[in-house]
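J.: This one is upload.txt, compact mmCIF, C-alpha atoms and all ligand atoms.
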```txt
# COMPACT_ATOMS: atom_id res chain seq x y z
CA MET A 1 0.00 0.00 0.00
CA GLN A 2 1.35 3.44 -0.87
CA ASP A 3 1.38 6.80 0.83
CA THR A 4 -0.53 5.75 3.85
CA ALA A 5 -0.46 7.09 7.40
CA ILE A 6 1.62 5.24 9.98
CA TYR A 7 -0.14 2.26 11.54
CA VAL A 8 -0.44 2.55 15.30
CA PRO A 9 -1.42 -0.88 16.68
CA ASN A 10 -1.67 0.25 20.30
CA PRO A 11 -2.51 3.93 20.58
CA ASP A 12 -0.43 5.59 23.30
CA PRO A 13 -2.91 6.76 25.96
CA THR A 14 -0.46 9.45 27.11
CA ALA A 15 -0.24 11.01 23.60
CA ALA A 16 -2.29 14.15 22.88
CA PRO A 17 -5.70 12.98 21.63
CA LEU A 18 -6.40 13.33 17.91
CA VAL A 19 -9.96 14.39 18.70
CA ASP A 20 -10.83 16.48 21.74
CA VAL A 21 -14.46 17.56 22.11
CA GLN A 22 -15.40 19.53 25.23
CA ASP A 23 -18.91 20.47 26.30
CA LEU A 24 -20.33 20.50 22.77
CA THR A 25 -23.82 21.92 22.52
CA VAL A 26 -25.91 22.32 19.38
CA ARG A 27 -29.27 24.09 19.29
CA PHE A 28 -31.51 24.68 16.32
CA VAL A 29 -33.13 28.06 16.60
CA SER A 30 -36.08 29.33 14.60
CA ARG A 31 -38.44 32.28 15.17
CA ASP A 32 -40.43 30.56 17.89
CA LEU A 33 -38.38 27.47 18.76
CA ASP A 34 -35.02 26.86 20.40
CA ILE A 35 -34.32 23.14 20.43
CA PRO A 36 -31.28 21.67 22.19
CA VAL A 37 -30.27 18.61 20.13
CA VAL A 38 -26.77 18.03 21.54
CA SER A 39 -25.98 18.97 25.15
CA GLY A 40 -22.68 18.88 27.03
CA VAL A 41 -21.01 16.21 24.91
CA SER A 42 -17.31 15.67 25.76
CA PHE A 43 -14.97 12.97 24.54
CA GLN A 44 -11.43 12.31 23.39
CA LEU A 45 -10.19 9.87 20.79
CA GLN A 46 -6.63 8.76 20.17
CA GLN A 47 -5.15 8.12 16.75
CA GLY A 48 -6.18 4.66 15.52
CA GLN A 49 -9.13 4.29 17.93
CA VAL A 50 -12.76 3.59 17.00
CA LEU A 51 -15.64 5.23 18.87
CA CYS A 52 -19.16 3.91 18.23
CA LEU A 53 -22.16 6.14 18.88
CA LEU A 54 -25.31 4.25 19.84
CA GLY A 55 -28.80 5.50 20.58
CA GLU A 56 -32.35 5.72 19.30
CA SER A 57 -33.39 7.75 16.30
CA GLY A 58 -33.18 11.50 16.98
CA SER A 59 -30.72 11.18 19.90
CA GLY A 60 -28.16 13.45 18.19
CA LYS A 61 -25.66 10.99 16.72
CA SER A 62 -25.54 12.50 13.22
CA VAL A 63 -25.55 16.08 14.50
CA THR A 64 -22.56 15.25 16.75
CA MET A 65 -20.73 13.73 13.75
CA ARG A 66 -21.51 16.70 11.51
CA ALA A 67 -20.28 19.06 14.23
CA LEU A 68 -16.78 17.61 13.80
CA MET A 69 -16.78 18.90 10.21
CA ARG A 70 -18.80 22.00 11.12
CA LEU A 71 -21.53 20.99 8.70
CA PHE A 72 -24.51 22.99 9.93
CA PRO A 73 -27.46 24.92 8.54
CA PRO A 74 -27.61 28.64 9.46
CA THR A 75 -30.24 27.87 12.13
CA ALA A 76 -27.69 26.01 14.25
CA ARG A 77 -26.09 27.59 17.34
CA ILE A 78 -22.95 25.83 18.54
CA GLY A 79 -21.16 25.94 21.89
CA GLY A 80 -18.11 24.23 23.39
CA THR A 81 -14.87 23.36 21.64
CA ILE A 82 -13.77 20.80 19.05
CA HIS A 83 -10.08 20.19 18.34
CA VAL A 84 -8.98 17.68 15.71
CA ASP A 85 -5.24 17.17 15.27
CA GLY A 86 -4.74 20.43 17.15
CA GLN A 87 -7.04 22.44 14.84
CA ASN A 88 -9.75 24.44 16.54
CA ILE A 89 -12.59 23.37 14.23
CA LEU A 90 -15.23 25.82 15.47
CA ALA A 91 -12.86 28.79 15.06
CA LEU A 92 -11.37 27.91 11.65
CA PRO A 93 -11.93 30.36 8.78
CA GLU A 94 -13.84 28.94 5.75
CA ARG A 95 -10.63 28.40 3.78
CA GLY A 96 -9.09 26.30 6.56
CA LEU A 97 -12.34 24.43 6.92
CA ARG A 98 -12.31 23.39 3.26
CA ARG A 99 -8.88 21.82 3.81
CA VAL A 100 -10.11 20.00 6.90
CA ARG A 101 -13.19 18.57 5.16
CA GLY A 102 -12.10 15.64 3.07
CA GLY A 103 -8.46 16.26 4.06
CA LEU A 104 -7.99 15.80 7.78
CA ILE A 105 -11.54 14.46 8.25
CA SER A 106 -13.62 12.42 5.80
CA MET A 107 -17.14 11.11 6.01
CA VAL A 108 -18.84 7.97 4.72
CA PHE A 109 -22.62 8.32 4.54
CA GLN A 110 -25.41 5.77 4.60
CA GLU A 111 -26.39 6.51 1.02
CA PRO A 112 -23.43 6.75 -1.42
CA MET A 113 -25.47 8.62 -4.03
CA THR A 114 -25.36 11.66 -1.73
CA ALA A 115 -21.56 11.76 -2.07
CA PHE A 116 -21.29 11.22 -5.84
CA ASP A 117 -22.44 13.50 -8.62
CA PRO A 118 -24.48 11.31 -11.01
CA VAL A 119 -23.15 13.03 -14.17
CA PHE A 120 -19.44 12.30 -13.64
CA THR A 121 -17.66 8.95 -13.56
CA ILE A 122 -16.38 7.50 -10.32
CA GLY A 123 -12.78 7.85 -11.56
CA VAL A 124 -13.14 11.56 -12.39
CA GLN A 125 -14.66 12.34 -9.00
CA ILE A 126 -12.02 10.51 -6.97
CA ALA A 127 -9.22 11.92 -9.17
CA GLU A 128 -10.54 15.48 -8.71
CA SER A 129 -10.62 15.05 -4.94
CA VAL A 130 -7.03 13.74 -4.92
CA ALA A 131 -5.86 16.56 -7.23
CA TYR A 132 -7.52 19.23 -5.05
CA HIS A 133 -6.14 18.00 -1.74
CA ASP A 134 -2.71 16.78 -2.91
CA GLY A 135 -2.14 19.59 -5.44
CA THR A 136 -1.38 17.01 -8.16
CA SER A 137 -2.51 16.81 -11.80
CA LEU A 138 -5.76 15.06 -12.72
CA ARG A 139 -3.65 12.44 -14.49
CA GLN A 140 -1.84 11.61 -11.25
CA GLY A 141 -5.16 11.81 -9.44
CA ARG A 142 -6.53 9.12 -11.74
CA ILE A 143 -3.58 6.83 -10.98
CA ARG A 144 -4.27 7.24 -7.27
CA ALA A 145 -8.02 6.72 -7.89
CA LEU A 146 -7.21 3.33 -9.38
CA GLU A 147 -5.00 2.45 -6.37
CA LEU A 148 -7.83 3.44 -4.05
CA LEU A 149 -10.45 1.35 -5.87
CA GLU A 150 -8.06 -1.60 -5.63
CA LEU A 151 -7.49 -0.83 -1.93
CA VAL A 152 -11.24 -1.06 -1.23
CA GLN A 153 -11.36 -4.29 -3.26
CA VAL A 154 -13.52 -3.15 -6.15
CA PRO A 155 -13.25 -5.96 -8.73
CA SER A 156 -12.11 -4.91 -12.23
CA ALA A 157 -11.11 -1.57 -10.73
CA ARG A 158 -9.63 -0.15 -13.95
CA ARG A 159 -12.94 -0.64 -15.77
CA ARG A 160 -14.96 0.79 -12.85
CA LEU A 161 -12.99 4.05 -13.03
CA ASP A 162 -15.06 4.92 -16.09
CA ALA A 163 -18.38 3.82 -14.61
CA TYR A 164 -21.06 6.30 -13.54
CA PRO A 165 -22.32 5.95 -9.95
CA HIS A 166 -25.69 4.47 -11.05
CA GLU A 167 -23.88 1.72 -12.97
CA LEU A 168 -22.51 0.19 -9.75
CA SER A 169 -24.37 -2.09 -7.32
CA GLY A 170 -25.11 -0.71 -3.83
CA GLY A 171 -22.17 -2.58 -2.29
CA LEU A 172 -19.72 -1.43 -4.98
CA ARG A 173 -20.99 2.15 -4.70
CA GLN A 174 -20.36 2.05 -0.97
CA ARG A 175 -16.82 0.75 -1.62
CA ALA A 176 -16.31 3.57 -4.12
CA MET A 177 -17.52 6.09 -1.55
CA ILE A 178 -15.03 4.71 0.98
CA ALA A 179 -12.33 5.12 -1.70
CA LEU A 180 -13.46 8.75 -2.16
CA ALA A 181 -13.35 9.29 1.61
CA LEU A 182 -9.82 7.86 1.78
CA ALA A 183 -8.61 9.86 -1.23
CA CYS A 184 -6.89 12.42 0.97
CA ARG A 185 -5.57 10.13 3.70
CA PRO A 186 -7.82 11.43 6.48
CA LYS A 187 -6.66 11.07 10.06
CA LEU A 188 -10.29 10.88 11.19
CA LEU A 189 -12.99 8.92 9.37
CA LEU A 190 -16.64 9.55 10.22
CA ALA A 191 -18.98 6.71 9.22
CA ASP A 192 -22.68 7.43 9.73
CA GLU A 193 -24.55 4.12 9.45
CA PRO A 194 -22.41 3.18 6.45
CA THR A 195 -23.97 -0.23 5.94
CA THR A 196 -27.63 0.33 6.82
CA ALA A 197 -28.76 0.61 3.19
CA LEU A 198 -27.08 -2.65 2.17
CA ASP A 199 -28.25 -6.25 2.37
CA ALA A 200 -26.90 -8.41 5.22
CA THR A 201 -24.10 -10.22 3.39
CA VAL A 202 -22.78 -7.03 1.76
CA GLN A 203 -23.03 -5.24 5.14
CA ILE A 204 -20.59 -7.72 6.66
CA GLN A 205 -18.17 -7.35 3.75
CA ILE A 206 -18.19 -3.55 4.00
CA LEU A 207 -17.80 -3.62 7.79
CA LEU A 208 -14.85 -5.98 7.60
CA LEU A 209 -13.34 -3.80 4.89
CA LEU A 210 -13.77 -0.65 6.98
CA ARG A 211 -12.23 -2.31 10.02
CA GLU A 212 -9.31 -3.62 7.97
CA LEU A 213 -8.68 -0.20 6.39
CA GLN A 214 -9.01 1.59 9.71
CA ARG A 215 -6.36 -0.66 11.25
CA GLU A 216 -4.11 -0.66 8.21
CA LEU A 217 -4.19 3.13 7.82
CA GLY A 218 -4.22 3.89 11.57
CA MET A 219 -7.22 6.25 11.22
CA ALA A 220 -9.32 7.25 14.19
CA THR A 221 -12.95 6.46 13.35
CA ILE A 222 -16.29 7.54 14.72
CA PHE A 223 -18.96 5.09 13.73
CA VAL A 224 -22.72 5.41 14.08
CA THR A 225 -24.75 2.24 14.14
CA HIS A 226 -28.03 0.86 15.49
CA ASP A 227 -26.52 -2.60 15.55
CA LEU A 228 -24.99 -3.53 18.92
CA GLY A 229 -23.26 -6.55 17.38
CA VAL A 230 -21.51 -4.26 14.90
CA ALA A 231 -20.56 -1.88 17.70
CA CYS A 232 -18.97 -4.71 19.71
CA GLU A 233 -17.15 -5.90 16.61
CA VAL A 234 -15.63 -2.60 15.45
CA ALA A 235 -15.39 -0.29 18.49
CA ASP A 236 -12.75 0.40 21.12
CA GLN A 237 -14.97 2.94 22.88
CA ILE A 238 -18.76 3.22 23.01
CA ALA A 239 -20.93 6.23 23.76
CA VAL A 240 -24.65 5.80 24.27
CA MET A 241 -26.67 8.91 23.40
CA TYR A 242 -30.08 9.83 24.74
CA ALA A 243 -31.80 13.15 24.03
CA GLY A 244 -28.55 14.78 22.92
CA ARG A 245 -26.38 13.63 25.84
CA PHE A 246 -23.83 10.91 26.34
CA VAL A 247 -25.64 8.97 29.07
CA GLU A 248 -23.02 6.22 29.25
CA SER A 249 -19.57 5.88 27.75
CA GLY A 250 -16.49 3.75 28.12
CA SER A 251 -14.64 0.86 26.55
CA VAL A 252 -16.66 -1.85 24.77
CA VAL A 253 -16.10 -4.23 27.67
CA GLU A 254 -17.08 -1.63 30.30
CA VAL A 255 -20.30 -0.60 28.56
CA MET A 256 -21.44 -3.87 26.97
CA ASP A 257 -20.49 -6.30 29.71
CA ALA A 258 -21.44 -4.13 32.67
CA PRO A 259 -23.91 -1.45 31.53
CA ARG A 260 -24.86 0.87 34.42
CA HIS A 261 -27.30 3.36 32.91
CA PRO A 262 -30.89 2.03 32.76
CA TYR A 263 -31.15 3.22 29.12
CA THR A 264 -28.07 1.21 28.08
CA SER A 265 -29.40 -1.88 29.85
CA GLY A 266 -32.75 -1.29 28.14
CA LEU A 267 -31.07 -1.03 24.73
CA LEU A 268 -29.19 -4.27 25.33
CA ARG A 269 -32.37 -6.06 26.43
CA SER A 270 -34.41 -4.74 23.49
CA THR A 271 -31.99 -5.31 20.61
CA ILE A 272 -30.83 -8.52 18.99
CA HIS A 273 -27.11 -9.17 19.57
CA ALA A 274 -24.89 -12.07 20.62
CA GLY A 275 -25.94 -11.78 24.30
CA THR A 276 -29.71 -12.00 23.58
CA LYS A 277 -29.56 -15.58 22.34
CA GLY A 278 -32.07 -17.60 24.34
CA HIS A 279 -33.53 -14.46 25.99
CA LYS A 280 -36.84 -12.79 25.23
CA LEU A 281 -36.51 -9.28 23.79
CA ASP A 282 -37.82 -6.66 26.20
CA PRO A 283 -38.58 -3.31 24.51
CA ILE A 284 -38.04 -0.02 26.37
CA PRO A 285 -41.50 1.38 27.17
CA GLY A 286 -42.58 4.76 25.80
CA SER A 287 -40.91 6.76 23.06
CA PRO A 288 -37.96 9.16 22.78
CA PRO A 289 -38.67 12.60 24.29
CA ASP A 290 -39.69 15.73 22.44
CA LEU A 291 -36.42 17.73 22.51
CA ALA A 292 -38.40 20.98 22.57
CA GLU A 293 -39.98 19.96 25.88
CA LEU A 294 -37.38 18.06 27.86
CA PRO A 295 -38.16 17.44 31.55
CA PRO A 296 -36.02 19.43 34.03
CA GLY A 297 -34.25 16.32 35.39
CA CYS A 298 -33.06 13.18 33.62
CA ALA A 299 -34.53 13.01 30.11
CA PHE A 300 -34.90 9.23 30.41
CA ALA A 301 -36.87 9.44 33.70
CA PRO A 302 -40.36 9.12 32.11
CA ARG A 303 -39.33 5.71 30.64
CA CYS A 304 -37.12 4.46 33.44
CA HIS A 305 -38.21 1.65 35.76
CA ASN A 306 -35.80 2.90 38.47
CA VAL A 307 -37.17 6.43 38.56
CA GLU A 308 -37.40 8.20 41.96
CA LYS A 309 -38.20 11.75 42.94
CA ASP A 310 -34.55 12.93 42.88
CA CYS A 311 -34.26 11.95 39.18
CA LEU A 312 -36.48 14.92 38.36
CA ASP A 313 -34.49 17.53 40.34
CA GLY A 314 -31.94 18.51 37.66
CA PRO A 315 -29.69 17.10 34.92
CA PRO A 316 -27.80 14.11 36.35
CA PRO A 317 -24.02 14.51 36.74
CA ASN A 318 -21.60 12.41 34.68
CA ILE A 319 -20.35 9.94 37.26
CA ILE A 320 -16.92 8.31 36.91
CA LEU A 321 -17.27 4.56 37.43
CA GLY A 322 -13.59 3.66 36.97
CA GLY A 323 -11.33 3.37 33.94
CA SER A 324 -12.98 5.25 31.08
CA HIS A 325 -16.49 4.22 32.22
CA ARG A 326 -18.93 7.12 32.86
CA ALA A 327 -22.71 7.26 33.30
CA ARG A 328 -25.23 10.04 33.90
CA CYS A 329 -27.65 8.71 36.49
CA VAL A 330 -28.25 9.89 40.05
CA ARG A 331 -29.36 6.40 41.11
CA LEU A 332 -26.22 4.51 40.07
CA ALA A 333 -25.48 3.49 43.65
CA ASP A 334 -28.91 1.76 43.83
CA ILE A 335 -28.67 0.01 40.45
CA ILE A 336 -26.57 -3.12 40.33
N1 LIG B 1 -31.18 20.95 10.32
C1 LIG B 1 -31.95 20.67 11.38
N2 LIG B 1 -32.88 21.55 11.83
C2 LIG B 1 -33.64 21.28 12.92
N3 LIG B 1 -33.54 20.13 13.63
C3 LIG B 1 -32.64 19.23 13.22
C4 LIG B 1 -31.80 19.44 12.07
N4 LIG B 1 -31.00 18.35 11.92
C5 LIG B 1 -31.34 17.50 12.92
N5 LIG B 1 -32.31 18.02 13.69
C6 LIG B 1 -32.92 17.40 14.89
O1 LIG B 1 -31.87 17.07 15.77
C7 LIG B 1 -32.19 15.87 16.47
C8 LIG B 1 -31.03 14.92 16.36
O2 LIG B 1 -30.93 14.52 14.99
P1 LIG B 1 -29.86 13.47 14.48
O3 LIG B 1 -29.97 13.45 12.99
O4 LIG B 1 -28.53 13.78 15.05
O5 LIG B 1 -30.40 12.11 15.10
P2 LIG B 1 -29.75 10.65 14.98
O6 LIG B 1 -29.40 10.23 16.37
O7 LIG B 1 -28.68 10.67 13.97
O8 LIG B 1 -31.01 9.81 14.50
P3 LIG B 1 -31.09 8.61 13.40
O9 LIG B 1 -30.69 7.37 14.17
O10 LIG B 1 -32.53 8.59 13.01
O11 LIG B 1 -30.17 8.93 12.28
C9 LIG B 1 -33.48 15.34 15.87
O12 LIG B 1 -34.54 15.70 16.72
C10 LIG B 1 -33.59 16.08 14.55
O13 LIG B 1 -34.95 16.27 14.20
MG MG B 2 -28.47 9.86 12.08
```
Transcribe the structure of this file into structure tokens.
T.:
Amino acid sequence: MQDTAIYVPNPDPTAAPLVDVQDLTVRFVSRDLDIPVVSGVSFQLQQGQVLCLLGESGSGKSVTMRALMRLFPPTARIGGTIHVDGQNILALPERGLRRVRGGLISMVFQEPMTAFDPVFTIGVQIAESVAYHDGTSLRQGRIRALELLELVQVPSARRRLDAYPHELSGGLRQRAMIALALACRPKLLLADEPTTALDATVQIQILLLLRELQRELGMATIFVTHDLGVACEVADQIAVMYAGRFVESGSVVEVMDAPRHPYTSGLLRSTIHAGTKGHKLDPIPGSPPDLAELPPGCAFAPRCHNVEKDCLDGPPPNIILGGSHRARCVRLADII
């Protein structure tokens, strides 16, 4: 493999983190609404590590991911700080931001057609991205485009260079989008449900490919999935989001083997994964909260079977449980 970042098999925990997010808040403000969609999110990620974001629909996973690239509509109001590779993302001028997007940070979406322009061939689009970020000619960009399609194991890669996006199958299009995302050797890869639109067998192939590439290229990766099995398979760290907050976070072992927040336990009991074999699924009662009308205390309280009066007093603190394990619940001492 050519021109790749250095592989870091065991990220040094004492090294400065590649990603450092502190107290991130995102609100969407319109004339008569002010909706907090991400609140007080903090995390750090070392080079080569994978963080998986879990949580129900609308919990703020995609907004958190987009914040890292500062991809927001004008109605968004952002607070807190985001540093990636030492760059202060929220303070960067537009020009610097263009270099960061698709250079330092790349994104793989659920639907590849959103990343490709239907009127240009795959080869032209990847070559243009390489030429823009590397300052090379389009001819050299095309050579690298071919290398990238081979890297993501697109069969007959030379021929596919001249294919239009609609001429590829869903799985091949997703591989091509990963090639596009890798075109500029990002240090941070954001993957927002990258396999959800694919059938089960292709999903596995793409996941294995992403994991292999992530390890080979030493990229830090933030991965959004609804699939707990996938999270266990690909992640080093897990963060469970509820109503815009990280309600539980830690290493895969800490969160999956010993979940402490009632929402995490509920997710594990209600979703099919390796640990549910032989157990009846037990859905979480109720539905996710209306973010415009969050209760004053814990947002999960109305659905929680451990709820007590003190849960409604104010936002629960983020309690350190040891190692990297944290959970936001005032009743942790009572919940085994
Ligand atoms: N541009 C926007 N304007 C207003 N509200 C928005 C905007 N984008 C997202 N939201 C709201 O922010 C909240 C979080 O959305 P987000 O897309 O991050 O959820 P998610 O966790 O990714 O959900 P899913 O699993 O369905 O993808 C939702 O309530 C959504 O309606
Ligand atoms: Mg989403």
J.: Separation of CA of Gly123 (chain A) and CA of Ala176 (chain A), in Å?
T.: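 Straight-line distance from CA of Gly123 (chain A) to CA of Ala176 (chain A) works out to 9.3 Å.
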J.: Hey, can you check how far CA of Glu111 (chain A) sits from CA of Ala191 (chain A)?
T.: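 According to the coordinates, CA of Glu111 (chain A) and CA of Ala191 (chain A) are separated by 11.1 Å.
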J.: Can you work out which one of A:Thr271, A:Gln125, A:Gln46, A:Gln237 has the shortest atom-to-atom distance to Met177 (chain A), counting all atoms listed in the file?
T.: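 Nearest to Met177 (chain A): A:Gln125.
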J.: Considering only C-alpha atoms, return as a PyMOL selection string whatever protein or nucleic-acid residues lie within 9 Å of Gly170 (chain A), sequence-local ones (same chain, fewer than 5 positions apart) excluded.
T.: chain A and resi 111-112+175+197-199+202
J.: What are the nearest atom pairs, with distances in Å to one decimal, for all residues of chain A that come at most 9 Å from ligand MG 2 (chain B), using all atoms listed in the file, set out by chain and rising residue number as a Markdown table?
T.:
```
| residue | atom | partner | partner_atom | distance |
| --- | --- | --- | --- | --- |
| A:Ser57 | CA | B:MG2 | MG | 6.8 |
| A:Gly58 | CA | B:MG2 | MG | 7.0 |
| A:Ser59 | CA | B:MG2 | MG | 8.2 |
| A:Gly60 | CA | B:MG2 | MG | 7.1 |
| A:Lys61 | CA | B:MG2 | MG | 5.5 |
| A:Ser62 | CA | B:MG2 | MG | 4.1 |
| A:Val63 | CA | B:MG2 | MG | 7.3 |
| A:Met65 | CA | B:MG2 | MG | 8.8 |
| A:Asp192 | CA | B:MG2 | MG | 6.7 |
| A:Glu193 | CA | B:MG2 | MG | 7.4 |
| A:Val224 | CA | B:MG2 | MG | 7.5 |
| A:Thr225 | CA | B:MG2 | MG | 8.7 |
```
J.: Once you count all atoms listed in the file, what closest atom pair and distance in Å to one decimal does each residue of chain A within 9 Å of ligand LIG 1 (chain B) have, with rows by chain and rising residue number, as a Markdown table?
T.:
```
| residue | atom | partner | partner_atom | distance |
| --- | --- | --- | --- | --- |
| A:Val26 | CA | B:LIG1 | O1 | 8.7 |
| A:Arg27 | CA | B:LIG1 | N3 | 8.1 |
| A:Phe28 | CA | B:LIG1 | C2 | 5.3 |
| A:Val29 | CA | B:LIG1 | C2 | 7.7 |
| A:Ser30 | CA | B:LIG1 | C2 | 8.6 |
| A:Ile35 | CA | B:LIG1 | N3 | 7.5 |
| A:Pro36 | CA | B:LIG1 | O1 | 7.9 |
| A:Val37 | CA | B:LIG1 | O1 | 4.9 |
| A:Val38 | CA | B:LIG1 | C8 | 7.4 |
| A:Leu53 | CA | B:LIG1 | O6 | 8.7 |
| A:Leu54 | CA | B:LIG1 | O6 | 8.0 |
| A:Gly55 | CA | B:LIG1 | O6 | 6.4 |
| A:Glu56 | CA | B:LIG1 | O9 | 5.6 |
| A:Ser57 | CA | B:LIG1 | O9 | 3.5 |
| A:Gly58 | CA | B:LIG1 | O5 | 3.4 |
| A:Ser59 | CA | B:LIG1 | O6 | 3.9 |
| A:Gly60 | CA | B:LIG1 | O4 | 3.2 |
| A:Lys61 | CA | B:LIG1 | O6 | 3.8 |
| A:Ser62 | CA | B:LIG1 | O7 | 3.7 |
| A:Val63 | CA | B:LIG1 | O4 | 3.8 |
| A:Thr64 | CA | B:LIG1 | O4 | 6.4 |
| A:Met65 | CA | B:LIG1 | O4 | 7.9 |
| A:Arg66 | CA | B:LIG1 | O4 | 8.4 |
| A:Phe72 | CA | B:LIG1 | N1 | 7.0 |
| A:Pro73 | CA | B:LIG1 | N1 | 5.7 |
| A:Pro74 | CA | B:LIG1 | N1 | 8.5 |
| A:Thr75 | CA | B:LIG1 | N2 | 6.9 |
| A:Ala76 | CA | B:LIG1 | N2 | 7.3 |
| A:Asp192 | CA | B:LIG1 | O7 | 8.0 |
| A:Glu193 | CA | B:LIG1 | O11 | 7.9 |
| A:Val224 | CA | B:LIG1 | O7 | 7.9 |
| A:Thr225 | CA | B:LIG1 | O9 | 7.8 |
| A:His226 | CA | B:LIG1 | O9 | 7.2 |
| A:Met241 | CA | B:LIG1 | O6 | 7.7 |
| A:Tyr242 | CA | B:LIG1 | O6 | 8.4 |
| A:Ala243 | CA | B:LIG1 | C8 | 7.9 |
| A:Gly244 | CA | B:LIG1 | C8 | 7.0 |
| A:Asp290 | CA | B:LIG1 | O12 | 7.7 |
| A:Leu291 | CA | B:LIG1 | O12 | 6.4 |
| A:Ala292 | CA | B:LIG1 | O12 | 8.8 |
```
J.: Name the closest residue to Val41 (chain A) among the candidates A:Met219, A:Val240, A:Ile178, A:Leu207; distances are taken between atoms, counting all atoms listed in the file.
T.: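 Looking at the shortest contact to Val41 (chain A), the residue is A:Val240.
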J.: Please compute the CA of Leu161 (chain A)-CA of Glu147 (chain A) distance, one decimal, in Å.
T.: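 We find that CA of Leu161 (chain A) and CA of Glu147 (chain A) lie 10.5 Å from each other.
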J.: Counting all atoms listed in the file, which residues sit no farther than 10 Å from the position (-20.6, 13.4, 36.4) in the file's frame? I'd like them as a list in words.
T.: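 Final list of nearby residues, as requested, is Val247, Pro315, Pro316, Pro317, Asn318, Ile319, Ile320, Leu321, Arg326, Ala327, Arg328, Cys329 and Val330 of chain A.
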J.: So, counting all atoms listed in the file, which residue among A:Ile238, A:Ala157, A:Val152, A:Leu190 is closest to Gln174 (chain A)?
T.: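 Of A:Ile238, A:Ala157, A:Val152, A:Leu190, the one nearest Gln174 (chain A) is A:Val152, counting all atoms listed in the file.
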J.: From the set A:Leu267, A:Cys232, A:Val154, A:Leu71, which residue has the shortest atom-to-atom contact distance to Val253 (chain A), counting only C-alpha atoms?
T.: A:Cys232
J.: Could you give me, as number ranges by chain, the residues within 8 Å of region 136-146 of chain A, counting all atoms listed in the file and dropping anything in the same chain fewer than 4 positions from it?
T.: A: 123-124, 126-132, 150, 157-158, 161, 179, 183
J.: Which polymer residues have any atom within 9 Å of an atom of Asp313 (chain A), counting all atoms listed in the file, with same-chain residues fewer than 5 positions away left out, as a VMD selection string?
T.: chain A and resid 296 to 298
J.: Go ahead and dump the residues you just picked, C-alpha atoms, as a CSV table (one decimal), in the coordinates of the input.
T.:
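Okay, this is what ended up in out.csv:
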```csv
chain,number,residue,atom,x,y,z
A,296,PRO,CA,-36.0,19.4,34.0
A,297,GLY,CA,-34.2,16.3,35.4
A,298,CYS,CA,-33.1,13.2,33.6
```
J.: Please write as a list of chain:residue names the list of polymer residues whose atoms come within 9 Å of (-12.2, 1.0, 6.7), counting only C-alpha atoms and keeping to the coordinates of the file.
T.: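 Protein and nucleic acid residues near the point are A:Val152, A:Ile178, A:Leu182, A:Leu189, A:Ile206, A:Leu207, A:Leu208, A:Leu209, A:Leu210, A:Arg211, A:Glu212, A:Leu213, A:Gln214, A:Arg215, A:Glu216, A:Leu217, A:Met219, A:Thr221.
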J.: From the options A:Leu24, A:Glu167, A:Ala16, A:Arg331, which residue's atoms come nearest to Thr81 (chain A), counting only C-alpha atoms?
T.: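 Counting only C-alpha atoms, the residue closest to Thr81 (chain A) is A:Leu24.
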